[in-house]
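In what follows, a structure is listed as structure tokens, so that the remarks can point back to it.
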Amino acid sequence: MLSTVWIIAAGLAFGLGAVLLVQAGNPGNYGFCAACHLRDIAGALGIHKVPVLQYARPEIMGWVIGAFVLSKTTGEFRPRGGSAPLIRFMLGALMMLGALVFLGCPLRALLRLAGGDLNGITAMAGFLAGIGTGIVFLRNGFSLGRARTISGPVAFTGYLSVVFAVVLAAAVAAGASFLYFSTKGPGSQHAPILISLIAGLITGALAMKTRMCLSGGFRDFFLVKDTSLLKIYGLIFLSAAAANLFFGTFKLGFTGQPLAHTMHLWNFLGLYLVGVSATLLGGCPLRQLIMAADGNTDAAICVLGMLAGAGVAHTLNMAASGAGVPLNGQLAVGVGIVITFAVGWLFREKVLVEATA
Amino acid sequence: MEKKIDLRGYSCPIPLLRTRDALASCDELTVIIDEPAARENILKYAASQRYKADCSDGKDEWTLHIVK
């Protein structure tokens, strides 16, 4: 059982940290977001060419490095992989597409709600419906197959995520010329690098410790009535809402919200796609980053899929903006939902139960 | 009846679901597992059902013994 201390620490660190990062320079309701921040990283690496969305956000590198350090300290770091990597890549890309149609991962949906953005409610409803659909597939035997522990020299692949995170953090701190940096728009708004990195390190370690996962929290509640993770979300919401009220950044309503649109159907369906994909993948975008840090190369492949998804979504004009969701994005979400259903239905297997007596 | 199930390599929540399915048709179950998160989830589930559950000591792999 998770102790109350860790639940409170994680809830407050994510909730207060997110609002403080906005005060320190991040765009509105944009303190933490596994999807949007990765999309900005994709921009910084030149995977998409939207000039206002290019910044290698150190919060993400902090998550990976913080989770890695903790997993090494506790002995939980274990290089492993080999469970349908290509399917994970594709589901990662679809998860990113759904998040970019809503404009946020489930964590940002919660943070947007805590800033008074009621579009977060529509999106959360979609996310819950998606998790419910994913659970139906799981109950019918869905599985992407076994991963295996990687040993010998190849075990180094388990460290690649953290190596990449360290290199990227150093590069953004040094203003490396191979990275793109937005000079205007959301990509140009950010907290000082060191503050972002420290915030990421602390919350990354706490996410590893609590195994925080937005889809996992609801899934555990549906399946075994465990509420530990839901308590963390409650605290994130309350502490972020209180901090937003304190700083005067709480604004109740659907319209005029930062980095948001009001196309309710697409807010719902965007996070519906994220909910189904996350449940099939065994973790939300945040959890995939944390698992990649503790040696799970399948999760690392999923993160690469998310980066590629961000590239495709912005290059083919699928991602939403404050103006709404383009037709390409609406079509892509529809196709994405059909693909997740096909994966959920096709990848079923029976696990052998041996009778021993 | 006693049964045994090898769930090494599966990621959450599949180990928990398969354990639950297996327990529907037996009173005693041995589960082999290698994912710490899955081990915790199964132990939590067993406690919530008031089943008796022991877990072997291990670093990379654990054997859970659950009795209804």
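Residues are named by chain letter and number: chains run A, B, ... in the order of the structure tokens, numbers start at 1 in each chain, and ligands are numbered from 1 in the order shown.
Every residue of chain B with a DSSP assignment of helix (DSSP H, G or I), taken from the backbone, is listed as Ile14, Pro15, Leu16, Leu17, Arg18, Thr19, Arg20, Asp21, Ala22, Leu23, Pro36, Ala37, Ala38, Arg39, Glu40, Asn41, Ile42, Leu43, Lys44, Tyr45, Ala46, Ala47 and Ser48 of chain B.
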Expected answer as a PyMOL selection string: chain B residues within 8 Å of chain A, only C-alpha atoms: chain B and resi 1-6+8-14+17-18+22+36-37+40+44-45+48+59
Can you pull out the residues contacting A:Lys49? Cut-off 10 Å, using only C-alpha atoms, and skip same-chain residues under 5 positions away; I want them as number ranges by chain. A: 42-44, 54, 180, 311, 314-315
Output C-alpha atoms for every residue in that selection, as a short mmCIF file (atom, residue, chain, number, x, y, z; two decimals), in the first residue's frame.
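Okay, part_27.cif is ready:
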data_model
loop_
_atom_site.label_atom_id
_atom_site.label_comp_id
_atom_site.auth_asym_id
_atom_site.auth_seq_id
_atom_site.Cartn_x
_atom_site.Cartn_y
_atom_site.Cartn_z
CA ALA A 42 9.84 17.19 -31.23
CA GLY A 43 9.88 20.78 -32.50
CA ALA A 44 13.26 21.49 -30.90
CA GLN A 54 10.07 24.49 -30.46
CA TYR A 180 15.50 24.82 -32.55
CA GLY A 311 5.75 15.31 -36.05
CA HIS A 314 1.80 19.02 -36.97
CA THR A 315 3.13 18.36 -40.47
#
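Distances to B:Glu35 were evaluated for A:Leu100, A:Tyr272, A:Pro79, A:Gly253 using only C-alpha atoms, and the minimum falls at A:Pro79.
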Mind giving me the straight-line distance from atom CA of A:Met95 to atom CA of A:Leu265 in Å, one decimal? 17.0 Å
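Look at A:Leu168: the protein and nucleic acid residues within 9 Å of it, using only C-alpha atoms and passing over chain neighbours fewer than 6 places away, are Ala56, Pro58 and Met61 of chain A.
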Deliver the residues from the most recent selection as a file, using C-alpha atoms, as a tab-separated table (two decimals), in the first residue's frame.
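The result, stored in selection.tsv:
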chain	number	residue	atom	x	y	z
A	56	ALA	CA	13.35	21.08	-25.47
A	58	PRO	CA	13.66	20.28	-19.33
A	61	MET	CA	14.29	15.30	-19.08
Find the residues near stretch 294-300 of chain A: any atom within 9 Å, counting only C-alpha atoms, skip ones fewer than 3 places away on the same chain, and give them as number ranges by chain. A: 64, 67-72, 76-85, 88-89, 92, 147, 155, 157-162, 208, 281, 283, 287-291, 303-305
Output the selection as a PDB file, in the first residue's frame - C-alpha atoms for each residue.
ATOM      1  CA  VAL A  64      13.367  10.659 -16.925  1.00  0.00           C
ATOM      2  CA  ALA A  67      12.888   8.338 -12.161  1.00  0.00           C
ATOM      3  CA  PHE A  68      16.113   6.682 -13.339  1.00  0.00           C
ATOM      4  CA  VAL A  69      18.083   7.764 -10.243  1.00  0.00           C
ATOM      5  CA  LEU A  70      15.353   6.506  -7.926  1.00  0.00           C
ATOM      6  CA  SER A  71      14.957   3.197  -9.762  1.00  0.00           C
ATOM      7  CA  LYS A  72      18.719   2.616  -9.588  1.00  0.00           C
ATOM      8  CA  GLU A  76      14.085  -1.585  -9.501  1.00  0.00           C
ATOM      9  CA  PHE A  77      15.988  -0.589 -12.647  1.00  0.00           C
ATOM     10  CA  ARG A  78      15.754  -3.527 -15.021  1.00  0.00           C
ATOM     11  CA  PRO A  79      16.496  -3.464 -18.766  1.00  0.00           C
ATOM     12  CA  ARG A  80      13.651  -5.296 -20.496  1.00  0.00           C
ATOM     13  CA  GLY A  81      11.655  -5.251 -23.705  1.00  0.00           C
ATOM     14  CA  GLY A  82      10.443  -7.150 -26.725  1.00  0.00           C
ATOM     15  CA  SER A  83       6.685  -6.957 -26.291  1.00  0.00           C
ATOM     16  CA  ALA A  84       5.343  -5.920 -29.714  1.00  0.00           C
ATOM     17  CA  PRO A  85       7.520  -2.796 -30.101  1.00  0.00           C
ATOM     18  CA  ARG A  88       3.671   0.201 -29.129  1.00  0.00           C
ATOM     19  CA  PHE A  89       5.262   2.736 -31.479  1.00  0.00           C
ATOM     20  CA  GLY A  92       2.252   5.911 -28.881  1.00  0.00           C
ATOM     21  CA  ALA A 147       8.623  -8.743 -22.562  1.00  0.00           C
ATOM     22  CA  ALA A 155      21.399  -4.520 -21.405  1.00  0.00           C
ATOM     23  CA  THR A 157      19.835  -0.390 -24.282  1.00  0.00           C
ATOM     24  CA  GLY A 158      17.958  -0.008 -20.983  1.00  0.00           C
ATOM     25  CA  TYR A 159      20.109   3.070 -20.258  1.00  0.00           C
ATOM     26  CA  LEU A 160      19.567   4.780 -23.626  1.00  0.00           C
ATOM     27  CA  SER A 161      16.529   6.790 -22.459  1.00  0.00           C
ATOM     28  CA  VAL A 162      18.411   8.396 -19.586  1.00  0.00           C
ATOM     29  CA  MET A 208       8.356   6.512 -10.065  1.00  0.00           C
ATOM     30  CA  LEU A 281      -0.186   0.167 -23.619  1.00  0.00           C
ATOM     31  CA  GLY A 283       0.269   3.388 -19.026  1.00  0.00           C
ATOM     32  CA  ARG A 287       3.930   6.652 -17.085  1.00  0.00           C
ATOM     33  CA  GLN A 288       5.527   5.666 -20.416  1.00  0.00           C
ATOM     34  CA  LEU A 289       8.293   8.231 -19.800  1.00  0.00           C
ATOM     35  CA  ILE A 290       8.836   6.964 -16.255  1.00  0.00           C
ATOM     36  CA  MET A 291       8.946   3.312 -17.384  1.00  0.00           C
ATOM     37  CA  VAL A 303       7.865   7.561 -26.385  1.00  0.00           C
ATOM     38  CA  LEU A 304       9.584   7.556 -29.803  1.00  0.00           C
ATOM     39  CA  GLY A 305       6.153   6.839 -31.295  1.00  0.00           C
TER      40      GLY A 305
END
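Picture a line from atom CA of A:Thr183 to atom CA of A:Pro27; it runs 13.9 Å.
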Quick one: residues within 10 Å of A:Gly200, only C-alpha atoms, excluding same-chain residues fewer than 2 positions away - as a JSON list (two decimals) with C-alpha atoms, in the first residue's frame?
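The file below, result-v4.json, is the result:
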[["chain", "number", "residue", "atom", "x", "y", "z"],
["A", 13, "ALA", "CA", 4.61, 18.45, -5.98],
["A", 14, "PHE", "CA", 2.64, 18.02, -9.22],
["A", 17, "GLY", "CA", 4.83, 22.66, -9.07],
["A", 32, "PHE", "CA", 3.47, 19.87, -16.74],
["A", 57, "ARG", "CA", 11.37, 21.31, -22.20],
["A", 58, "PRO", "CA", 13.66, 20.28, -19.33],
["A", 59, "GLU", "CA", 10.68, 19.12, -17.21],
["A", 60, "ILE", "CA", 10.55, 15.97, -19.38],
["A", 61, "MET", "CA", 14.29, 15.30, -19.08],
["A", 62, "GLY", "CA", 13.93, 15.85, -15.33],
["A", 63, "TRP", "CA", 11.20, 13.21, -15.16],
["A", 64, "VAL", "CA", 13.37, 10.66, -16.93],
["A", 65, "ILE", "CA", 16.56, 11.42, -14.94],
["A", 66, "GLY", "CA", 14.70, 11.63, -11.57],
["A", 67, "ALA", "CA", 12.89, 8.34, -12.16],
["A", 194, "LEU", "CA", 17.35, 25.02, -13.92],
["A", 195, "ILE", "CA", 13.94, 25.52, -12.27],
["A", 196, "SER", "CA", 12.21, 23.38, -14.95],
["A", 197, "LEU", "CA", 14.82, 20.67, -14.56],
["A", 198, "ILE", "CA", 14.62, 20.58, -10.75],
["A", 202, "ILE", "CA", 11.46, 15.91, -8.05],
["A", 203, "THR", "CA", 8.17, 15.00, -9.74],
["A", 204, "GLY", "CA", 9.83, 12.28, -11.84],
["A", 205, "ALA", "CA", 11.18, 10.55, -8.75],
["A", 206, "LEU", "CA", 7.78, 10.86, -7.05]]
